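Shown here: entry_34.txt, compact mmCIF, C-alpha atoms.
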# COMPACT_ATOMS: atom_id res chain seq x y z
CA MET C 115 0.42 -9.40 -10.51
CA ASN C 116 -0.35 -12.92 -11.64
CA LEU C 117 -0.44 -16.14 -9.72
CA ALA C 118 2.46 -17.83 -11.50
CA HIS C 119 4.81 -14.91 -10.90
CA VAL C 120 3.82 -14.58 -7.24
CA LEU C 121 4.27 -18.30 -6.67
CA TRP C 122 7.65 -18.22 -8.39
CA LEU C 123 8.90 -15.32 -6.23
CA PHE C 124 7.48 -16.98 -3.15
CA GLY C 125 9.12 -20.31 -4.02
CA VAL C 126 12.53 -18.73 -4.69
CA ALA C 127 12.38 -16.94 -1.34
CA VAL C 128 11.33 -20.08 0.57
CA GLY C 129 14.13 -22.09 -1.02
CA ALA C 130 16.80 -19.42 -0.57
CA SER C 131 15.89 -18.65 3.03
CA ALA C 132 15.57 -22.30 4.00
CA LEU C 133 19.02 -22.94 2.52
CA GLY C 134 20.44 -19.86 4.26
CA GLY C 135 18.66 -20.63 7.51
CA MET C 136 20.28 -24.07 7.66
CA LEU C 137 23.62 -22.37 8.10
CA GLY C 138 22.33 -19.43 10.04
CA MET C 139 22.46 -16.84 7.27
CA ALA C 140 19.83 -14.75 5.54
CA GLY C 141 18.89 -15.93 2.05
CA GLY C 142 19.69 -12.63 0.31
CA ILE C 143 22.89 -13.96 -1.15
CA PHE C 144 20.83 -16.46 -3.19
CA ILE C 145 17.77 -14.31 -3.82
CA VAL C 146 19.45 -11.54 -5.82
CA PRO C 147 21.28 -13.85 -8.28
CA ILE C 148 18.23 -16.08 -8.82
CA LEU C 149 15.86 -13.15 -9.39
CA THR C 150 18.22 -11.45 -11.83
CA LEU C 151 19.63 -14.50 -13.65
CA PHE C 152 16.50 -16.61 -13.92
CA GLY C 153 13.72 -14.08 -13.39
CA HIS C 154 15.35 -11.37 -15.51
CA LEU C 155 14.43 -8.75 -12.96
CA ASP C 156 16.34 -5.50 -12.83
CA ILE C 157 19.19 -5.96 -10.33
CA ARG C 158 18.10 -2.89 -8.33
CA THR C 159 14.55 -4.27 -7.98
CA ALA C 160 16.04 -7.58 -6.85
CA ILE C 161 18.27 -5.82 -4.31
CA GLY C 162 15.28 -3.87 -2.95
CA ALA C 163 13.23 -7.04 -2.51
CA SER C 164 16.17 -8.90 -1.03
CA ILE C 165 16.95 -6.31 1.62
CA VAL C 166 13.37 -6.58 2.93
CA SER C 167 13.76 -10.35 2.96
CA VAL C 168 16.96 -9.97 4.99
CA ILE C 169 15.04 -8.00 7.64
CA ALA C 170 12.27 -10.59 7.63
CA CYS C 171 14.74 -13.47 8.17
CA SER C 172 16.57 -11.59 10.89
CA CYS C 173 13.38 -10.64 12.76
CA GLY C 174 12.06 -14.18 12.53
CA SER C 175 15.13 -15.79 14.05
CA ALA C 176 16.37 -13.00 16.35
CA ALA C 177 13.60 -13.75 18.85
CA GLN C 178 14.91 -17.30 19.36
CA PHE C 179 18.48 -16.15 19.73
CA LEU C 180 17.49 -13.48 22.27
CA GLU C 181 15.64 -15.99 24.40
CA SER C 182 18.66 -18.28 24.37
CA GLY C 183 20.71 -15.54 26.07
CA LEU C 184 23.51 -15.71 23.49
CA THR C 185 23.09 -12.20 22.05
CA ASN C 186 25.47 -9.55 23.39
CA ILE C 187 23.07 -6.62 23.08
CA ARG C 188 25.51 -3.95 24.22
CA LEU C 189 28.15 -5.02 21.73
CA ALA C 190 25.48 -5.26 19.01
CA VAL C 191 24.35 -1.66 19.55
CA LEU C 192 27.91 -0.40 19.51
CA LEU C 193 28.76 -2.25 16.28
CA GLU C 194 25.49 -1.09 14.73
CA THR C 195 26.83 2.48 14.65
CA ALA C 196 29.49 1.18 12.25
CA THR C 197 27.24 -1.13 10.19
CA THR C 198 24.49 1.48 9.70
CA ALA C 199 27.04 4.15 8.76
CA GLY C 200 28.42 1.65 6.24
CA ALA C 201 24.88 1.00 4.99
CA LEU C 202 24.32 4.71 4.31
CA THR C 203 27.57 4.85 2.37
CA GLY C 204 26.38 1.81 0.42
CA VAL C 205 23.06 3.48 -0.42
CA LEU C 206 24.92 6.53 -1.73
CA LEU C 207 27.26 4.38 -3.80
CA ALA C 208 24.41 2.24 -5.14
CA GLY C 209 23.08 5.25 -7.00
CA ILE C 210 26.43 5.83 -8.69
CA ILE C 211 27.92 2.42 -9.38
CA PRO C 212 27.15 1.07 -12.89
CA VAL C 213 25.15 -2.17 -13.03
CA PRO C 214 27.95 -4.38 -14.48
CA TYR C 215 30.11 -3.49 -11.47
CA LEU C 216 27.31 -4.58 -9.16
CA TYR C 217 27.27 -7.99 -10.86
CA PHE C 218 31.03 -8.22 -10.58
CA LEU C 219 31.02 -7.28 -6.90
CA PHE C 220 28.27 -9.79 -6.25
CA ALA C 221 30.28 -12.54 -7.94
CA LEU C 222 33.22 -11.62 -5.73
CA VAL C 223 31.15 -11.78 -2.53
CA LEU C 224 29.70 -15.16 -3.59
CA ALA C 225 33.22 -16.49 -4.14
CA VAL C 226 34.41 -15.19 -0.77
CA SER C 227 31.37 -16.80 0.87
CA ALA C 228 32.12 -20.13 -0.81
CA LYS C 229 35.70 -19.97 0.47
CA GLN C 230 34.45 -19.06 3.95
CA MET C 231 32.13 -22.09 3.92
CA MET C 232 34.94 -24.45 2.93
CA SER C 233 37.32 -23.43 5.64
CA ARG C 234 35.97 -24.85 8.82
CA ARG C 235 35.47 -22.26 11.47
CA GLY C 236 37.26 -23.07 14.69
CA GLU C 237 36.59 -21.48 18.02
CA PRO C 238 38.75 -18.32 18.02
CA ALA C 239 41.93 -18.88 19.96
CA ALA C 240 43.49 -16.55 22.48
CA LEU C 241 40.43 -16.33 24.63
CA ALA C 242 42.91 -16.19 27.45
CA PRO C 243 41.98 -13.09 29.42
CA THR C 244 44.22 -10.11 28.82
CA ALA C 245 45.03 -8.26 32.00
CA ASN C 246 42.16 -5.79 32.29
CA GLY C 247 40.71 -6.02 28.84
CA SER C 248 41.29 -3.23 26.35
CA GLY C 249 40.23 0.32 27.07
CA TRP C 250 37.10 0.13 24.91
CA SER C 251 35.77 -3.09 26.24
CA ALA C 252 36.25 -2.04 29.85
CA ALA C 253 34.89 1.48 29.41
CA LEU C 254 31.75 0.25 27.69
CA ARG C 255 31.33 -2.93 29.76
CA LEU C 256 31.17 -5.16 26.68
CA ASP C 257 32.48 -8.34 28.28
CA SER C 258 29.71 -10.76 29.06
CA THR C 259 28.78 -14.37 29.71
CA TYR C 260 26.70 -16.92 27.88
CA PRO C 261 25.06 -20.20 28.86
CA ASP C 262 26.83 -23.18 27.27
CA ARG C 263 24.56 -26.19 26.98
CA THR C 264 27.27 -28.74 26.26
CA PHE C 265 29.13 -27.94 29.45
CA GLY C 266 26.01 -26.90 31.32
CA GLN C 267 27.66 -23.82 32.73
CA THR C 268 27.99 -20.11 32.18
CA VAL C 269 31.05 -19.11 30.18
CA ALA C 270 32.59 -15.66 30.51
CA TYR C 271 34.30 -14.02 27.55
CA GLN C 272 36.11 -10.82 26.73
CA VAL C 273 35.66 -8.60 23.72
CA GLN C 274 38.94 -7.63 22.08
CA ARG C 275 40.19 -5.16 19.49
CA VAL C 276 36.97 -3.17 19.24
CA PRO C 277 38.24 -0.44 16.83
CA MET C 278 39.37 -3.05 14.30
CA GLY C 279 36.05 -4.85 14.64
CA MET C 280 34.21 -1.58 14.05
CA SER C 281 36.09 -0.86 10.82
CA LEU C 282 35.39 -4.35 9.46
CA MET C 283 31.72 -3.91 10.41
CA TYR C 284 31.60 -0.65 8.47
CA GLY C 285 32.68 -2.57 5.37
CA ALA C 286 30.14 -5.32 6.00
CA GLY C 287 27.37 -2.72 6.32
CA LEU C 288 28.43 -1.09 3.08
CA ILE C 289 28.36 -4.35 1.12
CA SER C 290 25.04 -5.30 2.75
CA ALA C 291 23.36 -2.11 1.51
CA LEU C 292 25.00 -2.17 -1.89
CA LEU C 293 24.05 -5.76 -2.73
CA GLY C 294 20.92 -6.31 -0.64
CA ILE C 295 22.42 -9.11 1.42
CA GLY C 296 22.72 -9.66 5.16
CA SER C 297 26.48 -10.10 4.74
CA GLY C 298 26.65 -12.33 7.78
CA VAL C 299 29.49 -14.11 6.02
CA LEU C 300 31.51 -10.90 5.87
CA LYS C 301 30.87 -10.25 9.55
CA ILE C 302 32.48 -13.55 10.51
CA PRO C 303 36.08 -12.31 10.04
CA ALA C 304 35.30 -9.27 12.19
CA MET C 305 33.74 -11.41 14.88
CA ASP C 306 36.39 -14.12 14.85
CA THR C 307 39.70 -12.41 14.14
CA ALA C 308 39.12 -8.97 15.63
CA LEU C 309 36.63 -9.28 18.48
CA ARG C 310 37.41 -12.95 19.26
CA LEU C 311 33.89 -13.86 20.30
CA PRO C 312 32.77 -17.43 20.96
CA ILE C 313 31.04 -18.77 17.80
CA LYS C 314 27.58 -19.06 19.33
CA VAL C 315 27.73 -15.53 20.65
CA SER C 316 28.95 -14.14 17.33
CA SER C 317 26.18 -15.86 15.31
CA ALA C 318 23.48 -14.56 17.63
CA THR C 319 24.96 -11.06 17.83
CA SER C 320 25.55 -10.85 14.08
CA ASN C 321 21.97 -11.96 13.40
CA PHE C 322 20.69 -9.31 15.76
CA MET C 323 22.66 -6.58 13.96
CA ILE C 324 21.70 -7.66 10.43
CA GLY C 325 18.10 -6.49 10.85
CA VAL C 326 19.07 -3.01 12.03
CA THR C 327 21.73 -2.65 9.32
CA ALA C 328 19.28 -3.72 6.62
CA ALA C 329 16.63 -1.34 8.00
CA ALA C 330 18.97 1.62 7.45
CA SER C 331 19.36 0.83 3.75
CA ALA C 332 15.82 -0.54 3.25
CA GLY C 333 14.43 2.74 4.62
CA ALA C 334 16.42 4.72 2.07
CA TYR C 335 15.56 2.37 -0.82
CA PHE C 336 11.90 2.40 0.17
CA MET C 337 11.71 6.20 0.24
CA ARG C 338 13.51 6.27 -3.09
CA GLY C 339 10.80 4.01 -4.51
CA GLU C 340 13.17 1.17 -5.31
CA ILE C 341 11.26 -1.41 -3.30
CA ILE C 342 8.48 -2.74 -5.52
CA PRO C 343 5.67 -4.15 -3.31
CA ALA C 344 4.52 -6.68 -5.93
CA VAL C 345 8.01 -8.24 -5.88
CA ALA C 346 9.17 -7.57 -2.33
CA GLY C 347 5.91 -8.74 -0.73
CA PRO C 348 5.91 -12.37 -1.92
CA VAL C 349 9.70 -12.54 -1.37
CA ALA C 350 9.42 -11.32 2.24
CA LEU C 351 6.60 -13.75 3.01
CA GLY C 352 8.52 -16.65 1.48
CA SER C 353 11.61 -15.67 3.46
CA VAL C 354 9.82 -15.83 6.80
CA ILE C 355 8.49 -19.30 6.01
CA GLY C 356 11.81 -20.43 4.53
CA SER C 357 13.82 -19.34 7.56
CA ILE C 358 11.48 -21.26 9.88
CA LEU C 359 11.80 -24.35 7.66
CA GLY C 360 15.57 -23.97 7.46
CA ALA C 361 15.95 -24.00 11.22
CA ARG C 362 13.94 -27.26 11.34
CA ILE C 363 15.82 -29.01 8.53
CA LEU C 364 19.12 -28.06 10.14
CA MET C 365 18.55 -30.67 12.78
CA ALA C 366 17.74 -33.44 10.29
CA ILE C 367 20.61 -33.29 7.77
CA SER C 368 24.29 -33.56 8.57
CA ASN C 369 26.15 -30.29 8.57
CA ASP C 370 28.86 -31.43 6.13
CA ARG C 371 26.41 -32.23 3.37
CA ILE C 372 24.71 -28.85 3.66
CA ARG C 373 28.11 -27.22 3.59
CA LEU C 374 29.12 -28.96 0.36
CA PHE C 375 25.79 -28.26 -1.31
CA PHE C 376 26.12 -24.65 -0.24
CA VAL C 377 29.59 -24.28 -1.73
CA VAL C 378 28.45 -25.79 -5.04
CA VAL C 379 25.48 -23.43 -5.29
CA LEU C 380 27.60 -20.41 -4.35
CA VAL C 381 30.28 -21.20 -6.92
CA ALA C 382 27.69 -21.80 -9.66
CA LEU C 383 25.97 -18.49 -8.91
CA ALA C 384 29.33 -16.69 -8.71
CA ILE C 385 30.25 -17.87 -12.21
CA GLN C 386 26.85 -16.83 -13.57
CA MET C 387 27.05 -13.40 -11.98
CA LEU C 388 30.57 -12.92 -13.29
CA LEU C 389 29.44 -13.77 -16.82
CA SER C 390 26.53 -11.36 -16.46
CA ALA C 391 28.96 -8.64 -15.44
CA PHE C 392 30.50 -9.01 -18.89
CA GLY C 393 27.14 -9.18 -20.60
CA VAL C 394 27.07 -12.95 -21.21
CA HIS C 395 23.77 -14.62 -20.31
CA LEU C 396 23.82 -18.40 -20.35
CA VAL C 397 20.43 -19.04 -18.80
CA GLY C 398 17.25 -18.31 -20.69
CA GLY C 399 18.87 -15.56 -22.69
CA SER C 400 16.34 -15.86 -25.50
CA GLU C 401 13.26 -15.53 -23.32
CA MET D 295 25.44 -3.94 39.22
CA THR D 296 22.37 -5.74 40.51
CA ARG D 297 20.11 -3.25 38.82
CA ARG D 298 21.78 -3.77 35.47
CA ASP D 299 21.55 -7.52 35.78
CA ALA D 300 17.85 -7.23 36.44
CA ILE D 301 17.18 -5.03 33.44
CA ILE D 302 19.06 -6.90 30.71
CA PRO D 303 16.96 -10.11 30.84
CA ARG D 304 13.80 -7.99 30.80
CA LEU D 305 15.13 -6.13 27.77
CA GLU D 306 15.83 -9.44 26.05
CA SER D 307 12.34 -10.82 26.53
CA LEU D 308 10.76 -7.49 25.60
CA LEU D 309 12.73 -7.39 22.35
CA ALA D 310 11.99 -11.04 21.60
CA MET D 311 8.27 -10.37 22.03
CA LEU D 312 8.39 -7.32 19.78
CA LEU D 313 10.19 -9.24 17.04
CA ARG D 314 7.93 -12.28 17.25
CA TYR D 315 4.61 -10.43 17.12
CA GLY D 316 5.96 -7.83 14.70
CA THR D 317 6.99 -10.57 12.27
CA TRP D 318 3.54 -12.14 12.50
CA LEU D 319 1.82 -8.81 11.93
CA ALA D 320 3.97 -7.89 8.93
CA SER D 321 3.65 -11.36 7.37
CA GLY D 322 -0.11 -11.31 7.94
CA LEU D 323 -0.49 -7.94 6.21
CA ILE D 324 1.57 -9.11 3.23
CA GLY D 325 -0.26 -12.45 3.05
CA VAL D 326 -3.69 -10.83 2.96
CA GLY D 327 -2.42 -8.16 0.55
CA VAL D 328 -1.01 -10.70 -1.90
CA THR D 329 -4.25 -12.70 -1.76
CA LEU D 330 -6.36 -9.61 -2.46
CA ALA D 331 -4.07 -8.49 -5.28
CA LEU D 332 -4.31 -11.93 -6.88
CA LEU D 333 -8.11 -12.00 -6.52
CA HIS D 334 -8.25 -8.64 -8.20
CA ALA D 335 -6.21 -9.95 -11.11
CA LEU D 336 -8.80 -12.68 -11.73
CA PRO D 337 -11.43 -11.75 -14.27
CA ALA D 338 -14.98 -11.13 -13.11
CA THR D 339 -14.20 -10.16 -9.55
CA ASP D 340 -14.58 -6.66 -8.21
CA THR D 341 -12.32 -6.40 -5.19
CA PRO D 342 -11.04 -2.86 -4.66
CA SER D 343 -8.08 -2.38 -6.95
CA SER D 344 -5.25 -0.91 -4.91
CA LEU D 345 -6.12 -2.34 -1.50
CA GLY D 346 -3.98 -5.46 -1.95
CA LEU D 347 -0.88 -3.53 -2.93
CA ARG D 348 -1.44 -1.09 -0.10
CA LEU D 349 -1.60 -3.89 2.44
CA ILE D 350 1.61 -5.38 1.01
CA THR D 351 3.29 -1.98 1.29
CA ALA D 352 2.06 -1.66 4.88
CA GLY D 353 3.58 -5.08 5.67
CA ILE D 354 6.91 -4.05 4.12
CA VAL D 355 6.90 -0.81 6.12
CA CYS D 356 6.21 -2.90 9.22
CA PHE D 357 9.26 -5.06 8.52
CA ILE D 358 11.46 -2.01 7.98
CA LEU D 359 10.21 -0.34 11.17
CA LEU D 360 10.67 -3.42 13.38
CA PRO D 361 14.46 -3.03 13.79
CA VAL D 362 13.97 0.72 14.25
CA CYS D 363 11.53 0.05 17.13
CA ARG D 364 14.07 -2.40 18.50
CA VAL D 365 16.72 0.33 18.72
CA ALA D 366 14.18 2.78 20.16
CA ILE D 367 13.28 0.33 22.95
CA MET D 368 16.96 -0.20 23.70
CA LEU D 369 17.41 3.56 23.88
CA VAL D 370 14.61 3.85 26.45
CA VAL D 371 16.02 1.01 28.53
CA PHE D 372 19.48 2.59 28.53
CA ILE D 373 17.93 5.89 29.67
CA VAL D 374 16.17 4.07 32.52
CA GLU D 375 19.46 2.40 33.39
CA ARG D 376 21.15 5.83 33.36
CA ASP D 377 23.83 4.33 31.15
CA PHE D 378 24.48 7.56 29.29
CA ARG D 379 27.30 6.32 27.08
CA PHE D 380 24.95 3.76 25.63
CA VAL D 381 22.12 6.27 25.43
CA ALA D 382 24.41 8.26 23.13
CA ILE D 383 25.39 5.15 21.12
CA ALA D 384 21.79 3.97 20.61
CA ALA D 385 20.73 7.52 19.73
CA ALA D 386 23.50 7.66 17.14
CA VAL D 387 22.24 4.41 15.54
CA LEU D 388 18.69 5.79 15.41
CA ALA D 389 19.95 9.05 13.92
CA ILE D 390 21.86 7.20 11.20
CA ILE D 391 18.79 5.12 10.29
CA LEU D 392 16.62 8.24 10.15
CA ALA D 393 19.28 9.92 8.01
CA GLY D 394 18.83 6.97 5.63
CA PHE D 395 15.12 7.70 5.33
CA ALA D 396 15.88 11.38 4.72
CA LEU D 397 18.51 10.50 2.15
CA GLY D 398 16.02 8.31 0.26
CA THR D 399 13.35 11.00 0.35
CA ARG D 400 15.71 13.61 -1.03
CA SER D 401 16.95 11.51 -3.92
CA ALA D 402 13.37 10.41 -4.68
CA LYS D 403 12.50 14.02 -5.52
CA THR D 404 14.80 13.87 -8.50
CA GLN D 405 12.76 10.98 -9.93
CA PRO D 406 9.09 12.03 -10.00
CA HIS D 407 7.67 8.49 -10.17
CA ALA D 408 9.63 7.02 -7.36
CA GLY D 409 8.61 7.38 -3.76
CA SER D 410 4.99 8.23 -4.43
CA SER D 411 3.89 4.98 -2.82
CA ALA D 412 5.88 5.85 0.27
CA THR D 413 3.33 8.17 1.78
CA HIS D 414 0.70 6.56 3.95
CA PRO D 415 0.68 3.10 2.40
CA ALA D 416 -2.41 1.91 4.25
CA LYS D 417 -5.28 3.70 5.90
Taking this structure as input, can you express it in the form of structure tokens?
Amino acid sequence: MNLAHVLWLFGVAVGASALGGMLGMAGGIFIVPILTLFGHLDIRTAIGASIVSVIACSCGSAAQFLESGLTNIRLAVLLETATTAGALTGVLLAGIIPVPYLYFLFALVLAVSAKQMMSRRGEPAALAPTANGSGWSAALRLDSTYPDRTFGQTVAYQVQRVPMGMSLMYGAGLISALLGIGSGVLKIPAMDTALRLPIKVSSATSNFMIGVTAAASAGAYFMRGEIIPAVAGPVALGSVIGSILGARILMAISNDRIRLFFVVVLVALAIQMLLSAFGVHLVGGSE
Amino acid sequence: MTRRDAIIPRLESLLAMLLRYGTWLASGLIGVGVTLALLHALPATDTPSSLGLRLITAGIVCFILLPVCRVAIMLVVFIVERDFRFVAIAAAVLAIILAGFALGTRSAKTQPHAGSSATHPAK
């Protein structure tokens, strides 16, 4: 361990998590590409470090969300059965999938995230109450309320199409474990199109689930010895600090500018990862 | 109905407290560990060699266990609430996470180097 390397890892994690935190995501989606492309770390080492960082980000910000009363804890626990099962599948696959495929898959997820960022997310429609709610939601008492500050009142909402939401969550958990990312971006379709949650509730609930999902895969990677303390330690520490910073900066800069910057970074990283999948290294290849 | 409404806010603040202090503890362990490891790397200092890395590992284990504790607390609260469907659901989540640990341990045995740092990271 030397100072320059530790500072570099720490700096990458602060930057990535601050950037992610500004839009309410974990920084994992930036950490893995930067560590592999610029730091020339093994992609599995990077994924191991990143998954710890995802937990760190989630734990740091989940407390705030919980106190705001936006998290639907019951729904989160239910969906966690699907995300953790997906995570275990991901861990099993991670041992089998060849490294170039991992790069390719990562490029794909970066591209999907960029697209997701561009399309503005509207409040899901059809919040109109269905007669008695679906069987699942009623049987498990998933419907809840949240305090809305803009209207200064408590808003009630219903949870819809739970089985479809669960299947999408299984996929999100799988990708999260496989690539060492929080995959909050991939949870958005499940939250919006299937479950039809209000945006604030879905961000808080998704954030709450990310930690538990990541713990399922991080536990397995840790026992397997794929989490290297000398790398994961500085990255985790930087992530905690970065996510705190990100939440602060969020208030200062306009949302549109962050969004554009985000898309540019995501697309650039996607191209790099795609090239790496085919064995082309543009950055620092000679080092 | 009234009992459930009383328990959920308590659960929320309990979980928020766990996450907040847990994050501080884990970050603290890693921070001290990194500092010690760096001091050790300097020439002409004689800090104990593996202590830094052990503290870092302990911090990482802390981070991994935080969400597990979170689910465990939820499980207890659901038991107190006598909400047995959710007791089963939370237990299933815990079981899946523990299965992950077991899965990692089993595949670590095939690679002799890996996983050796997993046992008792810090004393």
Subject >> Shortest interatomic distance to D:Leu308 - which of D:Ile324, D:Val381, D:Cys363, D:Leu333, counting all atoms listed in the file >> reply: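 When distances to D:Leu308 are compared using all atoms listed in the file, the smallest one comes from D:Cys363.
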**OP:** Identify, on the basis of all atoms listed in the file, every residue whose closest approach to C:Ile145 does not exceed 8 Å; exclude the query and any residue fewer than 4 positions from it along the same chain; express the result as a ChimeraX atom specification.
**Re:** /C:126-127,130,141,149,160,164
Subject >> At most 8 Å to chain D: residues in chain C, all atoms listed in the file, as a ChimeraX atom specification >> reply: /C:115-117,166,169-170,173-174,176-178,180-181,183,188,191-192,194-195,198-199,202,254,325-326,329-340,343-344,346-348,350-351,354
Output C-alpha atoms for every residue in that selection, as a PDB file, in the coordinates of the input.
ATOM      1  CA  MET C 115       0.420  -9.400 -10.510  1.00  0.00           C
ATOM      2  CA  ASN C 116      -0.350 -12.920 -11.640  1.00  0.00           C
ATOM      3  CA  LEU C 117      -0.440 -16.140  -9.720  1.00  0.00           C
ATOM      4  CA  VAL C 166      13.370  -6.580   2.930  1.00  0.00           C
ATOM      5  CA  ILE C 169      15.040  -8.000   7.640  1.00  0.00           C
ATOM      6  CA  ALA C 170      12.270 -10.590   7.630  1.00  0.00           C
ATOM      7  CA  CYS C 173      13.380 -10.640  12.760  1.00  0.00           C
ATOM      8  CA  GLY C 174      12.060 -14.180  12.530  1.00  0.00           C
ATOM      9  CA  ALA C 176      16.370 -13.000  16.350  1.00  0.00           C
ATOM     10  CA  ALA C 177      13.600 -13.750  18.850  1.00  0.00           C
ATOM     11  CA  GLN C 178      14.910 -17.300  19.360  1.00  0.00           C
ATOM     12  CA  LEU C 180      17.490 -13.480  22.270  1.00  0.00           C
ATOM     13  CA  GLU C 181      15.640 -15.990  24.400  1.00  0.00           C
ATOM     14  CA  GLY C 183      20.710 -15.540  26.070  1.00  0.00           C
ATOM     15  CA  ARG C 188      25.510  -3.950  24.220  1.00  0.00           C
ATOM     16  CA  VAL C 191      24.350  -1.660  19.550  1.00  0.00           C
ATOM     17  CA  LEU C 192      27.910  -0.400  19.510  1.00  0.00           C
ATOM     18  CA  GLU C 194      25.490  -1.090  14.730  1.00  0.00           C
ATOM     19  CA  THR C 195      26.830   2.480  14.650  1.00  0.00           C
ATOM     20  CA  THR C 198      24.490   1.480   9.700  1.00  0.00           C
ATOM     21  CA  ALA C 199      27.040   4.150   8.760  1.00  0.00           C
ATOM     22  CA  LEU C 202      24.320   4.710   4.310  1.00  0.00           C
ATOM     23  CA  LEU C 254      31.750   0.250  27.690  1.00  0.00           C
ATOM     24  CA  GLY C 325      18.100  -6.490  10.850  1.00  0.00           C
ATOM     25  CA  VAL C 326      19.070  -3.010  12.030  1.00  0.00           C
ATOM     26  CA  ALA C 329      16.630  -1.340   8.000  1.00  0.00           C
ATOM     27  CA  ALA C 330      18.970   1.620   7.450  1.00  0.00           C
ATOM     28  CA  SER C 331      19.360   0.830   3.750  1.00  0.00           C
ATOM     29  CA  ALA C 332      15.820  -0.540   3.250  1.00  0.00           C
ATOM     30  CA  GLY C 333      14.430   2.740   4.620  1.00  0.00           C
ATOM     31  CA  ALA C 334      16.420   4.720   2.070  1.00  0.00           C
ATOM     32  CA  TYR C 335      15.560   2.370  -0.820  1.00  0.00           C
ATOM     33  CA  PHE C 336      11.900   2.400   0.170  1.00  0.00           C
ATOM     34  CA  MET C 337      11.710   6.200   0.240  1.00  0.00           C
ATOM     35  CA  ARG C 338      13.510   6.270  -3.090  1.00  0.00           C
ATOM     36  CA  GLY C 339      10.800   4.010  -4.510  1.00  0.00           C
ATOM     37  CA  GLU C 340      13.170   1.170  -5.310  1.00  0.00           C
ATOM     38  CA  PRO C 343       5.670  -4.150  -3.310  1.00  0.00           C
ATOM     39  CA  ALA C 344       4.520  -6.680  -5.930  1.00  0.00           C
ATOM     40  CA  ALA C 346       9.170  -7.570  -2.330  1.00  0.00           C
ATOM     41  CA  GLY C 347       5.910  -8.740  -0.730  1.00  0.00           C
ATOM     42  CA  PRO C 348       5.910 -12.370  -1.920  1.00  0.00           C
ATOM     43  CA  ALA C 350       9.420 -11.320   2.240  1.00  0.00           C
ATOM     44  CA  LEU C 351       6.600 -13.750   3.010  1.00  0.00           C
ATOM     45  CA  VAL C 354       9.820 -15.830   6.800  1.00  0.00           C
TER      46      VAL C 354
END
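Reported to one decimal place, the separation of atom CA of C:Asp370 from atom CA of C:Leu309 is 26.5 Å.
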Subject >> Straight-line distance linking atom CA of C:Ala201 with atom CA of C:Ala252, stated in Å to one decimal >> reply: 27.5 Å
Subject >> atom CA of C:Pro312 to atom CA of C:Ser131, distance in Å rounded to a single decimal >> reply: 24.7 Å
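Residues in contact range of C:Met387, defined as at most 7 Å between all atoms listed in the file, with sequence neighbours fewer than 5 positions away removed, read C:Pro147, C:Tyr217, C:Phe218, C:Phe220, C:Ala221.
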Suppose we keep C-alpha atoms; can you now write the selection as a JSON list (two decimals), in the frame of the given file?
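Okay, this is what ended up in out34.json:
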[["chain", "number", "residue", "atom", "x", "y", "z"],
["C", 147, "PRO", "CA", 21.28, -13.85, -8.28],
["C", 217, "TYR", "CA", 27.27, -7.99, -10.86],
["C", 218, "PHE", "CA", 31.03, -8.22, -10.58],
["C", 220, "PHE", "CA", 28.27, -9.79, -6.25],
["C", 221, "ALA", "CA", 30.28, -12.54, -7.94]]
Original post:
Nearest to C:Val345: which of C:Trp122, C:Phe152, C:Phe376, C:Phe322 is it, counting only C-alpha atoms?
Top reply: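 Counting only C-alpha atoms, the residue closest to C:Val345 is C:Trp122.
Proximity of C:Thr203, C:Gln230, C:Ser167, C:Thr150 to C:Val377, computed with all atoms listed in the file, is greatest for C:Gln230.
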